[in-house]
Protein chains: 4
Amino acid sequence: MKTIGVGLIGTGFMGKCHALAWNAVGTVFGDVPDIRLVHLGEASADLAARRGREFGFAKASGDWRAVIGDPEVDIVSITTPNQFHPEMAIAALEAGKHVWCEKPMAPTLAEADSMRAAARRSGKAAILGYNYIQSPAFRHIRKLLDEQAIGDIIHLRIEMDEDFMAGPDGPFFWKHEAASGYGALDDFAVHPLSLITKMFGRVARVITDMTKPFADRALPGGGRRAVETYDVASSLFHLENGIAGTLLVNRSAWGRKGRIQIQIFGSTGSIVFDQERFNEIQLYVTSDRPTEQGFRTILIGPGHPPYDRYIPAPGHGLGFNDLKTIECRELIAALDGQPANVIDFEEGVEIERTVHAMADSFAKSAWTDVR
Amino acid sequence: MKTIGVGLIGTGFMGKCHALAWNAVGTVFGDVPDIRLVHLGEASADLAARRGREFGFAKASGDWRAVIGDPEVDIVSITTPNQFHPEMAIAALEAGKHVWCEKPMAPTLAEADSMRAAARRSGKAAILGYNYIQSPAFRHIRKLLDEQAIGDIIHLRIEMDEDFMAGPDGPFFWKHEAASGYGALDDFAVHPLSLITKMFGRVARVITDMTKPFADRALPGGGRRAVETYDVASSLFHLENGIAGTLLVNRSAWGRKGRIQIQIFGSTGSIVFDQERFNEIQLYVTSDRPTEQGFRTILIGPGHPPYDRYIPAPGHGLGFNDLKTIECRELIAALDGQPANVIDFEEGVEIERTVHAMADSFAKSAWTDVR
Amino acid sequence: MKTIGVGLIGTGFMGKCHALAWNAVGTVFGDVPDIRLVHLGEASADLAARRGREFGFAKASGDWRAVIGDPEVDIVSITTPNQFHPEMAIAALEAGKHVWCEKPMAPTLAEADSMRAAARRSGKAAILGYNYIQSPAFRHIRKLLDEQAIGDIIHLRIEMDEDFMAGPDGPFFWKHEAASGYGALDDFAVHPLSLITKMFGRVARVITDMTKPFADRALPGGGRRAVETYDVASSLFHLENGIAGTLLVNRSAWGRKGRIQIQIFGSTGSIVFDQERFNEIQLYVTSDRPTEQGFRTILIGPGHPPYDRYIPAPGHGLGFNDLKTIECRELIAALDGQPANVIDFEEGVEIERTVHAMADSFAKSAWTDVR
Amino acid sequence: MKTIGVGLIGTGFMGKCHALAWNAVGTVFGDVPDIRLVHLGEASADLAARRGREFGFAKASGDWRAVIGDPEVDIVSITTPNQFHPEMAIAALEAGKHVWCEKPMAPTLAEADSMRAAARRSGKAAILGYNYIQSPAFRHIRKLLDEQAIGDIIHLRIEMDEDFMAGPDGPFFWKHEAASGYGALDDFAVHPLSLITKMFGRVARVITDMTKPFADRALPGGGRRAVETYDVASSLFHLENGIAGTLLVNRSAWGRKGRIQIQIFGSTGSIVFDQERFNEIQLYVTSDRPTEQGFRTILIGPGHPPYDRYIPAPGHGLGFNDLKTIECRELIAALDGQPANVIDFEEGVEIERTVHAMADSFAKSAWTDVR
């Protein structure tokens with residue numbers, strides 16, 4: 001491709017993040033086609049026009065179908081709430097567009113399956129926005145694992161915690177309704193599962209426990225309503241490759257803001273990582289003299305690509321939004337048929353299948369096979 | 001009591017630790033009876049004599065029954081390997097001695113039960129050496145919980161990891177035999193369970209997964225033998241008070257040396273603690289202005305008793321062996337019928353019952369009630 | 001201004017950083033004029049054309065004077081090596097352009113003075129690229145200081161360390177020649193001084209010691225040459241407001257990658273900050289109950305503007321390049337005559353005057369007044 | 001010596017610390033003579049009797065001269081306030097006793113000199129209580145330096161901070177009077193200087209700045225009095241071996257409780273240490289592959305003697321009081337004429353000479369030679 005015509009639907013947190021990525025990817029990486037910001041869609045024409053101006057898009061519409069129907073658009077960034085993903089993504093794929101869709105794919109596994117089917121039929125790229133797999137630190141961890149830097153993997157632990165739902169004082173809102181899903185399991189678990197997928201492959205079996213810390217919450221108009229979703233979910237799992245581990249998530253974890261802690265125990269060392277300090281890797285190896293062994297705090301630098309495309313000096317730090325630009329670069333490679341570090345609809349369905357199996361295992365109080 | 005006559009059986013790691021505690025407790029705390037180091041027992045008369053001289057005991061014997069039978073001995077420190085605890089502790093109690101016994105109580109639950117029965121019959125103090133409950137930091141955490149400093153508790157996570165069994169290169173030894181128990185579950189789980197007990201009470205239900213990282217190990221004389229115990233154990237649990245949590249242990253965790261990490265999530269804050277830095281507490285509370293909220297690293301000082309009995313300046317740090325001296329002071333209070341922060345044979349049996357239930361739940365692959 | 005026409009000279013580390021900022025500032029902040037990327041200048045027409053395409057500039061030239069002479073250009077980003085700053089900045093100002101120039105201003109104080117004079121004559125904005133003053137963390141520290149959150153300031157310590165010059169093995173290059181300046185003092189000291197300026201104003205008196213760790217270095221063509229610059233500089237200082245402090249810099253500090261550690265001691269608390277973890281602030285205040293006092297690790301979030309313009313969730317982290325975009329937004333405010341958080345040529349000269357006074361104090365081995 | 005008869009004068013913080021050390025040294029190390037706790041001296045007979053009982057001394061007197069005159073006493077621990085050290089230490093040495101005296105030696109250099117003279121005349125051991133040189137971490141740092149683990153040393157920074165004098169609200173007391181000395185310089189600087197001495201030898205030249213954060217303080221009986229001592233002292237220095245560095249101390253540093261941070265920069269690595277976490281060493285070496293270089297947090301364990309004498313498992317942590325027991329073991333070696341890791345009156349005078357030179361350099365505002 002010599003140019004890429006971009007359509008964007010949605011301009012919230014992730015919409016802005018996509019827009020920043022499309023604006024920056026050429027400057028950061030250089031070796032990409034010309035990016036043309038063609039058409040932005042929002043819920044109203046007014047908001048679309050305003051965001052279009054801010055984000056630098058040529059056209060703006062209050063109807064997302066106009067974006068998908070625009071012949072100048074080659075790829076559509078879909079950043080609306082999850083429940084709209086299936087309709088929009090399938091329509092875009094059927095219109096012959098590539099799709100870059102935020103995760104999770106859809107509220108139900110059936111819808112996610114239908115999105116995958118549409119992608120298969122279309123032959124177009126259908127990529128999910130799993131940005132945590134893009135950080136130079138995580139990429140380097142994968143390299144270390146490939147190199148057997150910590151030997152054979154014997155065990156794995158992952159935690160993901162934030163505090164946006166913490167405390168009993170927040171009012172009842174849609175995330176407390178069962179219709180929104182299971183709770184923390186939907187909000188968080190797909191992220192660590194994306195990391196597990198890239199490091200070790202798929203999950204085979206799970207057993208999950210869930211906790212509802214606050215029985216009811218105040219309704220905005222007065223009165224209280226019973227909470228139907230679970231803020232805490234703790235899982236034991238076995239991967240298809242035989243590795244066992246734990247995946248613990250909590251969206252009522254006061255003090256945790258963006259924690260995704262990974263502990264990987266190997267036969268000759270350990271790796272620890274925390275997304276709250278995602279420009280650092282903790283590495284312990286037994287090749288050091290015993291009296292000097294200790295976890296090393298490795299600060300990410302130009303030796304950990306693609307950090308070098310951003311900053312030539314080490315230890316200066318990438319930001320969260322930079323991860324989306326790296327994802328954009330990988331996506332462009334995928335469009336071109338090159339090997340790319342992305343999670344597409346094929347693999348995305350499997351991640352969501354695992355989440356549903358976790359919920360099932362809780363309902364049944366029993367170990368459950370994912371597939 | 002005006003004086004306490006001390007007998008000590010065993011002079012390994014814990015035996016030395018008891019000896020140091022008995023030597024220091026008067027100097028540190030002042031308000032205790034005169035401690036007389038009466039009689040030390042070891043496997044041989046020679047070793048007993050040597051250690052008796054080093055540790056400052058008046059008499060020394062190669063037969064532990066001589067210690068228990070010594071009329072000048074009021075209390076017996078039992079620090080031998082676990083399998084000897086039942087016989088020694090029961091004999092000491094039946095001889096009318098108080099007992100200070102290292103944990104765990106015994107390899108089997110039946111033996112632990114018989115030790116408890118002996119303690120009940122004797123009317124003597126029968127205290128276990130759960131020293132981690134003695135640190136000023138842990139005591140302060142309990143105070144914070146009592147004061148509702150982080151509100152109601154909504155979830156709990158504990159990890160205990162070391163690397164003394166890590167890597168495939170260590171030879172086969174008795175801890176790899178099934179006769180020694182389950183593995184990490186026995187070695188480690190009683191410690192976090194002692195902390196849980198003191199903070200929140202007993203465990204009601206569990207489900208555990210266990211991992212055997214290395215299928216076999218080299219025999220010292222050549223050849224290899226299959227490993228029968230599990231180095232990793234991961235449990236989901238519910239406490240009797242309704243709190244859910246996770247307890248993860250790993251004795252093959254390269255880089256972890258004495259980690260016992262606790263994460264307590266409450267309705268208005270969080271507490272994090274790690275035994276590897278046991279002179280520090282991490283506290284997050286929501287009473288701070290939002291823009292200044294963050295985990296505080298509290299350095300233990302004179303405001304966190306009984307640190308003040310050791311050092312009048314904060315932040316200078318207690319050591320691991322100091323915890324045993326604090327335990328000794330609590331034990332002396334117990335001998336005197338005063339309230340004391342100890343775990344006795346009554347509560348110790350319940351801790352060990354939980355460990356056995358964890359192993360059962362793994363065998364059955366199902367949630368299991370502890371009692 | 002309704003639109004801003006941008007010229008860019010230089011496309012190295014900082015040139016790319018400016019280009020990213022100009023590309024992102026509208027999307028991030030929304031409330032800015034239309035940014036038109038008009039003209040890019042590089043050392044050769046070929047390189048200019050290539051970078052112009054990557055960075056999204058409409059025109060590109062191999063002669064920087066073409067950029068300055070372009071009537072569509074309103075402001076010129078100057079990102080070439082220091083020795084070119086005076087000529088370019090003065091020419092741009094004299095051509096009626098605003099100037100955004102990387103720091104330090106110039107190798108000599110006389111040149112920096114002439115740049116300031118040109119800015120005064122022009123009446124145009126002349127802003128320096130001191131990006132570390134832009135981080136949400138640093139802005140919040142200034143707010144805390146203004147609010148007397150740690151009371152009156154009693155002492156100040158700053159360190160800036162990297163390891164790009166560490167070890168004896170690197171070859172001799174231009175930074176080892178006296179013509180390049182003093183050494184670490186030029187490379188680093190302006191950064192902490194920009195922070196000091198924004199927090200507390202100007203430096204009044206200094207005494208500095210400097211160290212040359214490696215007497216000579218290998219010449220690329222063979223042989224060795226004596227090193228003429230100093231990798232380490234340590235200063236005691238008094239500010240004009242009476243506060244005393246220390247400023248320590250080291251460009252041969254193995255393991256330090258982008259460390260700028262600030263320790264501010266106040267009458268009721270302390271603040272500690274490290275640029276290597278610039279999404280965090282360490283705050284200690286005495287309003288907490290004594291037994292819960294401790295340094296809090298505050299993770300930057302939406303409550304610390306302008307983080308909220310990037311990410312609505314706390315703790316996700318900005319990157320180094322984001323600081324330049326914030327600087328760009330401040331610069332745009334300055335162009336519009338609004339209050340802006342920038343360091344202009346007026347204040348920039350004073351920072352560089354301090355650096356020269358430090359070098360003088362070393363030469364004289366005596367306390368030296370800055371002005 | 002087959003037995004050591006111990007006298008102890010003073011039972012405050014350090015007196016108790018000596019008593020604990022004398023009580024524990026045999027149990028910990030085994031290979032020492034029998035320690036007999038002979039005679040304890042305090043300000044009153046009552047207090048002496050009480051402490052004697054608590055600490056396990058056979059005799060107790062309200063007159064320190066009785067301790068020194070006791071023929072059963074071989075060595076006298078002197079732990080009274082500094083101003084009493086000269087009279088007591090000289091009397092003890094003249095009575096033919098070995099002396100173990102807390103630091104600093106004396107308020108004036110003349111008195112310290114006379115103590116050294118007395119030690120020389122006596123031929124007895126005269127050891128100072130510099131316990132920070134005893135930690136396994138510090139010993140290991142010295143080993144690493146000896147092994148050239150970080151190559152040649154190019155620069156050194158030390159900070160020592162506490163907050164016991166922080167804030168304006170504490171009342172005026174004797175430490176605010178000029179008669180007590182210079183302030184933080186006396187309270188703190190001897191400690192880092194003891195570490196410098198053991199690592200690198202003596203200080204040759206200094207220049208110091210001092211700060212008095214609070215002009216006056218409330219008198220207990222009403223009114224206010226001008227503070228005469230300095231809470232902050234910052235020094236640049238050159239060692240006799242040519243290494244330059246900085247030594248910064250602050251006793252008004254809110255949040256610092258026992259901080260002694262050392263940063264050692266070498267030609268092939270760096271070492272960082274902080275006494276607040278004195279069971280850890282931070283080590284950065286360039287022998288690691290560049291992409292895995294980082295500061296390692298080494299947890300002290302049995303491979304770092306004499307930790308192994310305390311605990312056979314790594315990472316469990318020694319305490320502050322354990323350092324005094326190690327010091328006691330070294331002292332016993334010194335009594336026996338063996339090589340010992342101690343600072344005696346000879347070296348102690350040189351440390352105090354450096355402190356006085358620092359104060360002189362502040363008075364003169366000029367670089368000052370130590371000797």
# chains A, B, ... in the order shown; residues from 1 in each chain; ligands from 1

$ interface_residues --of "chain A" --to "chain B" --cutoff "7 Å" --atoms "only C-alpha atoms" --output "PyMOL selection string"
chain A and resi 154+166-168+213+253-255+265+267-270+284+294-295+366

$ residues_around --residues "Leu335 in chain C" --least-positions-apart "4" --cutoff "12 Å" --atoms "only C-alpha atoms" --output "list in words"
Met1, Lys2, Thr3, Ile4, Val32, Pro33, Asp74, Ile75, Lys97, His98, Val99, Trp100, Gly123, Lys124, Ala125, Ala126, Ile127, Cys328, Arg329, Glu330, Leu331, Pro339, Ala340, Val342 and Asp344 of chain C

$ write_last_selection --atoms "C-alpha atoms" --output "short mmCIF file (atom, residue, chain, number, x, y, z; two decimals), in the first residue's frame"
data_model
loop_
_atom_site.label_atom_id
_atom_site.label_comp_id
_atom_site.auth_asym_id
_atom_site.auth_seq_id
_atom_site.Cartn_x
_atom_site.Cartn_y
_atom_site.Cartn_z
CA MET C 1 -3.98 33.07 16.02
CA LYS C 2 -6.27 30.88 13.97
CA THR C 3 -3.51 28.84 12.43
CA ILE C 4 0.13 28.32 13.25
CA VAL C 32 -5.48 25.02 19.90
CA PRO C 33 -5.26 26.74 16.51
CA ASP C 74 5.06 31.65 12.03
CA ILE C 75 7.34 29.82 14.42
CA LYS C 97 9.37 34.52 13.54
CA HIS C 98 8.68 33.15 16.96
CA VAL C 99 11.37 30.74 18.12
CA TRP C 100 11.23 27.44 19.98
CA GLY C 123 9.08 41.31 20.52
CA LYS C 124 8.52 37.70 19.46
CA ALA C 125 8.17 34.68 21.69
CA ALA C 126 11.52 33.01 22.29
CA ILE C 127 11.03 29.82 24.24
CA CYS C 328 4.15 22.82 22.80
CA ARG C 329 0.73 23.54 24.32
CA GLU C 330 2.33 25.99 26.77
CA LEU C 331 4.25 27.61 23.95
CA PRO C 339 0.30 32.91 31.10
CA ALA C 340 2.44 29.94 30.19
CA VAL C 342 7.81 28.03 29.86
CA ASP C 344 12.15 31.93 27.74
#

$ residues_around --residues "Pro71 in chain D" --least-positions-apart "3" --cutoff "12 Å" --atoms "only C-alpha atoms" --output "list in words"
Ile4, Gly5, Val6, Gly7, Val38, His39, Arg65, Ala66, Val67, Ile68, Asp74, Ile75, Val76, Ala92, Ala95, Gly96 and Lys97 of chain D

$ write_last_selection --atoms "all heavy atoms" --output "short mmCIF file (atom, residue, chain, number, x, y, z; two decimals), in the first residue's frame"
data_model
loop_
_atom_site.label_atom_id
_atom_site.label_comp_id
_atom_site.auth_asym_id
_atom_site.auth_seq_id
_atom_site.Cartn_x
_atom_site.Cartn_y
_atom_site.Cartn_z
N ILE D 4 36.33 -13.62 79.69
CA ILE D 4 36.38 -12.16 79.60
C ILE D 4 35.42 -11.60 80.64
O ILE D 4 34.22 -11.89 80.61
CB ILE D 4 35.96 -11.67 78.19
CG1 ILE D 4 36.92 -12.21 77.12
CG2 ILE D 4 35.90 -10.15 78.14
CD1 ILE D 4 36.56 -11.81 75.70
N GLY D 5 35.98 -10.82 81.55
CA GLY D 5 35.14 -10.17 82.55
C GLY D 5 34.71 -8.81 82.05
O GLY D 5 35.55 -7.97 81.72
N VAL D 6 33.42 -8.59 82.00
CA VAL D 6 32.88 -7.39 81.36
C VAL D 6 32.36 -6.39 82.39
O VAL D 6 31.62 -6.76 83.30
CB VAL D 6 31.73 -7.77 80.41
CG1 VAL D 6 31.08 -6.52 79.82
CG2 VAL D 6 32.23 -8.70 79.32
N GLY D 7 32.78 -5.15 82.23
CA GLY D 7 32.16 -4.04 82.95
C GLY D 7 31.38 -3.19 81.97
O GLY D 7 31.77 -3.05 80.81
N VAL D 38 30.33 -8.95 84.73
CA VAL D 38 30.85 -8.78 86.09
C VAL D 38 30.22 -7.61 86.83
O VAL D 38 29.70 -7.74 87.93
CB VAL D 38 32.38 -8.58 86.04
CG1 VAL D 38 32.94 -8.22 87.42
CG2 VAL D 38 33.05 -9.85 85.51
N HIS D 39 30.24 -6.44 86.21
CA HIS D 39 29.95 -5.25 87.01
C HIS D 39 29.32 -4.18 86.13
O HIS D 39 29.86 -3.81 85.08
CB HIS D 39 31.28 -4.72 87.59
CG HIS D 39 31.10 -3.95 88.86
ND1 HIS D 39 31.98 -4.02 89.91
CD2 HIS D 39 30.13 -3.07 89.25
CE1 HIS D 39 31.57 -3.22 90.87
NE2 HIS D 39 30.46 -2.63 90.50
N ARG D 65 33.45 4.44 88.92
CA ARG D 65 34.83 4.10 89.29
C ARG D 65 34.92 2.70 89.92
O ARG D 65 35.96 2.05 89.85
CB ARG D 65 35.39 5.15 90.24
CG ARG D 65 35.55 6.49 89.53
CD ARG D 65 36.34 7.50 90.32
NE ARG D 65 36.39 8.76 89.58
CZ ARG D 65 37.29 9.05 88.65
NH1 ARG D 65 38.23 8.18 88.34
NH2 ARG D 65 37.23 10.19 88.01
N ALA D 66 33.83 2.27 90.51
CA ALA D 66 33.82 0.92 91.07
C ALA D 66 33.94 -0.13 89.96
O ALA D 66 34.55 -1.18 90.14
CB ALA D 66 32.54 0.69 91.88
N VAL D 67 33.32 0.15 88.83
CA VAL D 67 33.41 -0.78 87.70
C VAL D 67 34.85 -0.86 87.20
O VAL D 67 35.41 -1.94 87.01
CB VAL D 67 32.48 -0.32 86.55
CG1 VAL D 67 32.63 -1.22 85.34
CG2 VAL D 67 31.03 -0.26 87.03
N ILE D 68 35.43 0.31 87.02
CA ILE D 68 36.80 0.36 86.51
C ILE D 68 37.79 -0.26 87.49
O ILE D 68 38.79 -0.87 87.09
CB ILE D 68 37.16 1.83 86.17
CG1 ILE D 68 36.45 2.21 84.86
CG2 ILE D 68 38.66 2.02 86.08
CD1 ILE D 68 36.59 3.67 84.50
N ASP D 74 37.82 -7.20 82.86
CA ASP D 74 38.90 -7.12 81.88
C ASP D 74 38.69 -6.00 80.88
O ASP D 74 39.63 -5.42 80.35
CB ASP D 74 39.00 -8.44 81.09
CG ASP D 74 39.30 -9.62 81.99
OD1 ASP D 74 40.30 -9.54 82.74
OD2 ASP D 74 38.54 -10.61 81.95
N ILE D 75 37.43 -5.75 80.56
CA ILE D 75 37.11 -4.75 79.53
C ILE D 75 35.91 -3.95 79.99
O ILE D 75 34.99 -4.50 80.60
CB ILE D 75 36.83 -5.43 78.17
CG1 ILE D 75 36.51 -4.37 77.12
CG2 ILE D 75 35.73 -6.48 78.25
CD1 ILE D 75 36.56 -4.88 75.70
N VAL D 76 35.94 -2.64 79.68
CA VAL D 76 34.86 -1.76 80.11
C VAL D 76 34.14 -1.22 78.88
O VAL D 76 34.75 -0.58 78.02
CB VAL D 76 35.38 -0.59 80.96
CG1 VAL D 76 34.21 0.28 81.44
CG2 VAL D 76 36.19 -1.10 82.13
N ALA D 92 39.92 4.11 82.70
CA ALA D 92 39.86 2.65 82.50
C ALA D 92 41.18 2.13 81.92
O ALA D 92 41.71 1.11 82.37
CB ALA D 92 38.69 2.30 81.57
N ALA D 95 43.73 2.06 84.43
CA ALA D 95 43.52 0.97 85.39
C ALA D 95 43.84 -0.40 84.77
O ALA D 95 43.59 -1.44 85.37
CB ALA D 95 42.08 0.98 85.89
N GLY D 96 44.33 -0.37 83.50
CA GLY D 96 44.74 -1.63 82.87
C GLY D 96 43.61 -2.38 82.21
O GLY D 96 43.72 -3.57 81.95
N LYS D 97 42.52 -1.70 81.96
CA LYS D 97 41.38 -2.37 81.31
C LYS D 97 41.40 -2.07 79.80
O LYS D 97 41.79 -0.99 79.38
CB LYS D 97 40.04 -1.84 81.87
CG LYS D 97 39.95 -1.82 83.38
CD LYS D 97 40.12 -3.20 84.00
CE LYS D 97 39.81 -3.14 85.51
NZ LYS D 97 40.18 -4.39 86.20
#

$ closest_residue --among "C:Leu156, C:Thr27, C:Asp369, C:Glu347" --to "Val249 in chain D" --atoms "only C-alpha atoms"
C:Leu156

$ atom_distance --atom1 "CA of Ser287 in chain B" --atom2 "CA of Arg296 in chain C"
13.1 Å

$ residues_around --residues "Pro171 in chain B" --least-positions-apart "6" --cutoff "9 Å" --atoms "only C-alpha atoms" --output "PyMOL selection string"
chain B and resi 217-220+224

$ atom_distance --atom1 "CA of Asp46 in chain B" --atom2 "CA of Ile332 in chain D"
25.4 Å

$ select_by_dssp --residues "range 171-368 of chain D" --states "helix (DSSP H, G or I)" --output "VMD selection string"
chain D and resid 174 to 176 178 to 180 184 to 188 190 to 200 275 to 277 290 to 292 307 to 310 320 to 335 345 to 364
